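*Asks:* The structure's right below; bear with me while I get my questions together.
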Amino acid sequence: MWKLQKRKLQEKLTMTPIQEPDTYTSIVDMGLIWRLAAPTTEDREKGDSTKYTWGDYRKKVVRTVLTRRKNAEQIICVNDPYDQRWIIKDSEHMLRQKSASVSNIYMKSEDKFPAINDFHLPLGKAENKIRLQVFLQVGFQSTADTSAVEIFFCIGPWEKKNCTGQPAPQFACSRAEADTAMLFIYSVLRSEGYTEAVILVTEDIDNYVQAAFVAQQISGILCLKRKTQFITSRSLCDEEMAACIIPLNVLTGCDHNSGFYGTSKKLAVDRILSSKGASDLLASCGTELPAPKEVLDDVEKFVIRYIYCDGRNTTLGEVRAAKWWAQKNTVRLAPDSNSLHLHLKRTNYLSFLVKHPNLQLHPSPIGHEWHLLDGLCLPVRYTQPPLPTSIPLPLNPDDKDMDTDSESDNGDAADSDRDSNGSSGVKQ
């Protein structure tokens, strides 16, 4: 569902193609290359009638990376760090995990490459992905000596310069996924004085959104490789939209955060473009960690006004009551205050990671509405029970009036007794 929502958001971005730069550095999402290099029927039907092996697949991966970047002087291959523990991708891995049991796969060059379905199934296990990364890295190392292109192979904090085998600590980071690691590497290149163009090779819409923001913050030519086109990132959206597009994308649903039922990303963008001041409510989200109260209040106002289209009410309780009264169902009911505030804090945390691409150390999600549960880092959905633990009984109005009348009567009687005693009890 999120892939469909992301595609809808991509329709709101302005894709302006340019000519391929004469010289550039290419930052490649290796997860994309894994899929692009999957063997076709023609690949498997080799002319010498031999079987298609893991070694053939590795050669195709290396060839796909090198031949499609003719003018690149540097190629930086970025991988997801699957060996990291307690990261925000744990919930995503749970959703994508196959129900069938997955066996361990040990890649050897001479072994037969599995069928396409049997190839994707083992990739549901992190250990198999780690072994595949090591297997492919050997292929890049074997071609680095004969290639004029400088190649880096990046896996989290372990980045190596393949042509010499020396470590490249400037590209080392503890980012939880390749998406944000690619923008971190871009910020490193610019901070070191690199002035040529930088091309991001990715199909993930999250990278398009991130590039739209980063291109406005860091000087230099930043492009995206989209099939055969080179798209300039600075023209994806204007400055006003770029200032709020990161929180908007995270708030309405991404790989690590839920969305709002019935409100698509495209619809949310349309409402921002048609409403003056809507983007200001999101612009400050992600600038600080933890989020100040006024920032969370602004994002909550955005949710009430532009997600649930309620311009009369100011609190979630009022919005929920109004929605229930109008629709008489709970499907599109606004969340309660507790769950929404947790959602907004996660939105601020994820936006902070993207808005600060120069951060080498990944701030821990623990304490920012993620917690450890059974060895996994999972989002906190609620911190309060759905109903109060105790509900005080209201006073019966009739009983209250009766008590008041009784007290009044007793008071009058006492006064009468005092008057009577006072007049008759005093001896003359």
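Scheme for the structure tokens: letters A, B, ... for chains in order shown; per-chain residue numbers from 1; ligand numbers from 1 in order shown.
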Taking 5 positions as the minimum chain separation for residues in the same chain, which residues sit within 12 Å of A:Ser101 when counting only C-alpha atoms? Answer as a count of residues only.
*Replies:* 5
*Asks:* Taking only C-alpha atoms into account, produce a table as JSON lines in which each residue of stretch 52-84 of chain A with an atom at most 9 Å from an atom of stretch 133-147 of chain A appears once, together with its shortest atom pair and the distance in Å to one decimal, ordered by chain and rising number.
*Replies:*
```
{"residue": "A:Gly55", "atom": "CA", "partner": "A:Gly139", "partner_atom": "CA", "distance": 8.7}
{"residue": "A:Arg58", "atom": "CA", "partner": "A:Leu136", "partner_atom": "CA", "distance": 5.9}
{"residue": "A:Lys59", "atom": "CA", "partner": "A:Gly139", "partner_atom": "CA", "distance": 7.0}
{"residue": "A:Val61", "atom": "CA", "partner": "A:Leu136", "partner_atom": "CA", "distance": 7.8}
{"residue": "A:Val62", "atom": "CA", "partner": "A:Phe140", "partner_atom": "CA", "distance": 6.3}
{"residue": "A:Leu66", "atom": "CA", "partner": "A:Ser147", "partner_atom": "CA", "distance": 8.8}
{"residue": "A:Asn79", "atom": "CA", "partner": "A:Gln133", "partner_atom": "CA", "distance": 7.8}
```
*Asks:* In Å, with one decimal, what is the gap from atom CA of A:Gln360 to atom CA of A:Pro167?
*Replies:* 15.9 Å
*Asks:* With the cut-off set at 8 Å and counting only C-alpha atoms, tabulate each residue of stretch 15-38 of chain A with an atom at most that distance from an atom of stretch 232-238 of chain A, showing the nearest atom pair and its distance in Å to one decimal, ordered by chain and increasing number, as a Markdown table.
*Replies:*
```
| residue | atom | partner | partner_atom | distance |
| --- | --- | --- | --- | --- |
| A:Met15 | CA | A:Leu236 | CA | 6.0 |
| A:Thr16 | CA | A:Thr232 | CA | 6.1 |
| A:Pro17 | CA | A:Thr232 | CA | 6.6 |
| A:Ile18 | CA | A:Thr232 | CA | 6.9 |
```
*Asks:* Skip A:Gly277 itself and residues of its chain fewer than 5 positions away, then list as a PDB file with C-alpha atoms, in the first residue's frame all residues within 12 Å of it, counting only C-alpha atoms.
*Replies:*
```
ATOM      1  CA  GLU A 240       8.150  26.432   0.285  1.00  0.00           C
ATOM      2  CA  MET A 241       7.161  22.847  -0.456  1.00  0.00           C
ATOM      3  CA  CYS A 244       7.715  20.830   4.617  1.00  0.00           C
ATOM      4  CA  ARG A 271      -4.431  20.806   0.407  1.00  0.00           C
ATOM      5  CA  ILE A 272      -1.078  22.381   1.265  1.00  0.00           C
ATOM      6  CA  LEU A 282       5.127  21.525   9.266  1.00  0.00           C
ATOM      7  CA  ALA A 283       8.277  23.501   8.484  1.00  0.00           C
ATOM      8  CA  ASP A 298       1.597  23.005  15.114  1.00  0.00           C
ATOM      9  CA  LYS A 301      -3.165  21.656  14.110  1.00  0.00           C
ATOM     10  CA  PHE A 302      -2.110  20.516  10.643  1.00  0.00           C
ATOM     11  CA  ARG A 305      -7.235  21.147   9.655  1.00  0.00           C
ATOM     12  CA  TYR A 306      -5.711  19.446   6.614  1.00  0.00           C
TER      13      TYR A 306
END
```
*Asks:* Have a look at A:Ile218, A:Val295, A:Ala176, A:Cys254 and name the one nearest to A:Ser191; count only C-alpha atoms.
*Replies:* A:Ile218
*Asks:* Kindly assemble as JSON lines a list of the stretch 325-396 of chain A residues that lie within 12 Å of stretch 285-288 of chain A, each paired with its nearest atom pair and their distance in Å to one decimal, using only C-alpha atoms, sorted first by chain and then by ascending residue number.
*Replies:*
```
{"residue": "A:Leu344", "atom": "CA", "partner": "A:Cys285", "partner_atom": "CA", "distance": 9.1}
{"residue": "A:Lys345", "atom": "CA", "partner": "A:Cys285", "partner_atom": "CA", "distance": 9.4}
{"residue": "A:Arg346", "atom": "CA", "partner": "A:Gly286", "partner_atom": "CA", "distance": 9.8}
{"residue": "A:Thr347", "atom": "CA", "partner": "A:Gly286", "partner_atom": "CA", "distance": 7.7}
{"residue": "A:Asn348", "atom": "CA", "partner": "A:Gly286", "partner_atom": "CA", "distance": 4.6}
{"residue": "A:Tyr349", "atom": "CA", "partner": "A:Gly286", "partner_atom": "CA", "distance": 6.3}
{"residue": "A:Leu350", "atom": "CA", "partner": "A:Gly286", "partner_atom": "CA", "distance": 7.3}
{"residue": "A:Ser351", "atom": "CA", "partner": "A:Gly286", "partner_atom": "CA", "distance": 4.5}
{"residue": "A:Phe352", "atom": "CA", "partner": "A:Gly286", "partner_atom": "CA", "distance": 4.0}
{"residue": "A:Leu353", "atom": "CA", "partner": "A:Gly286", "partner_atom": "CA", "distance": 7.7}
{"residue": "A:Val354", "atom": "CA", "partner": "A:Gly286", "partner_atom": "CA", "distance": 8.2}
{"residue": "A:Lys355", "atom": "CA", "partner": "A:Gly286", "partner_atom": "CA", "distance": 6.6}
{"residue": "A:His356", "atom": "CA", "partner": "A:Thr287", "partner_atom": "CA", "distance": 8.2}
{"residue": "A:Pro357", "atom": "CA", "partner": "A:Gly286", "partner_atom": "CA", "distance": 11.9}
{"residue": "A:Pro363", "atom": "CA", "partner": "A:Glu288", "partner_atom": "CA", "distance": 11.9}
```
*Asks:* Apply DSSP to the backbone of this structure and, from stretch 99-329 of chain A, keep only the residues in helix (DSSP H, G or I); write these as a ChimeraX atom specification.
*Replies:* /A:116-120,122-124,126-144,169-171,178-191,205-217,233-235,239-251,265-274,280-283,293-307,316-327
*Asks:* Neighbours of stretch 27-34 of chain A within 9 Å (only C-alpha atoms; same-chain residues fewer than 5 positions away dropped), as a list in words?
*Replies:* Val61, Thr64, Val65, Gln74, Ile75, Ile76, Cys77, Val78, Asn79, Asp80, Ala178, Asp179, Met182, Ile185, Tyr186, Val198, Ile199, Leu200, Val201, Thr202, Glu203 and Asp204 of chain A
*Asks:* DSSP on the backbone, strand (DSSP E) only: what residues of stretch 134-201 of chain A does that give? Format it as a list in words.
*Replies:* Glu150, Ile151, Phe152, Phe153, Cys154, Ile155, Trp158, Glu159, Lys160, Lys161, Gln166, Pro167, Ala197, Val198, Ile199, Leu200 and Val201 of chain A
*Asks:* Kindly indicate which residue among A:Pro386, A:Tyr82, A:His343, A:Ser26 lies nearest to A:His368, using only C-alpha atoms for the distances.
*Replies:*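 Checking each of A:Pro386, A:Tyr82, A:His343, A:Ser26 against A:His368, counting only C-alpha atoms, the winner is A:His343.
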*Asks:* Given the choices A:Tyr106, A:Arg69, A:Pro292, A:Lys112, which gets closest to A:Thr50 if the distance is worked out from only C-alpha atoms?
*Replies:*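 Comparing A:Tyr106, A:Arg69, A:Pro292, A:Lys112 against A:Thr50, the winner is A:Lys112.
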*Asks:* Atom CA of A:Gly253 and atom CA of A:Glu11, how far apart in Å?
*Replies:*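 Computing it gives 16.5 Å between the two atoms.
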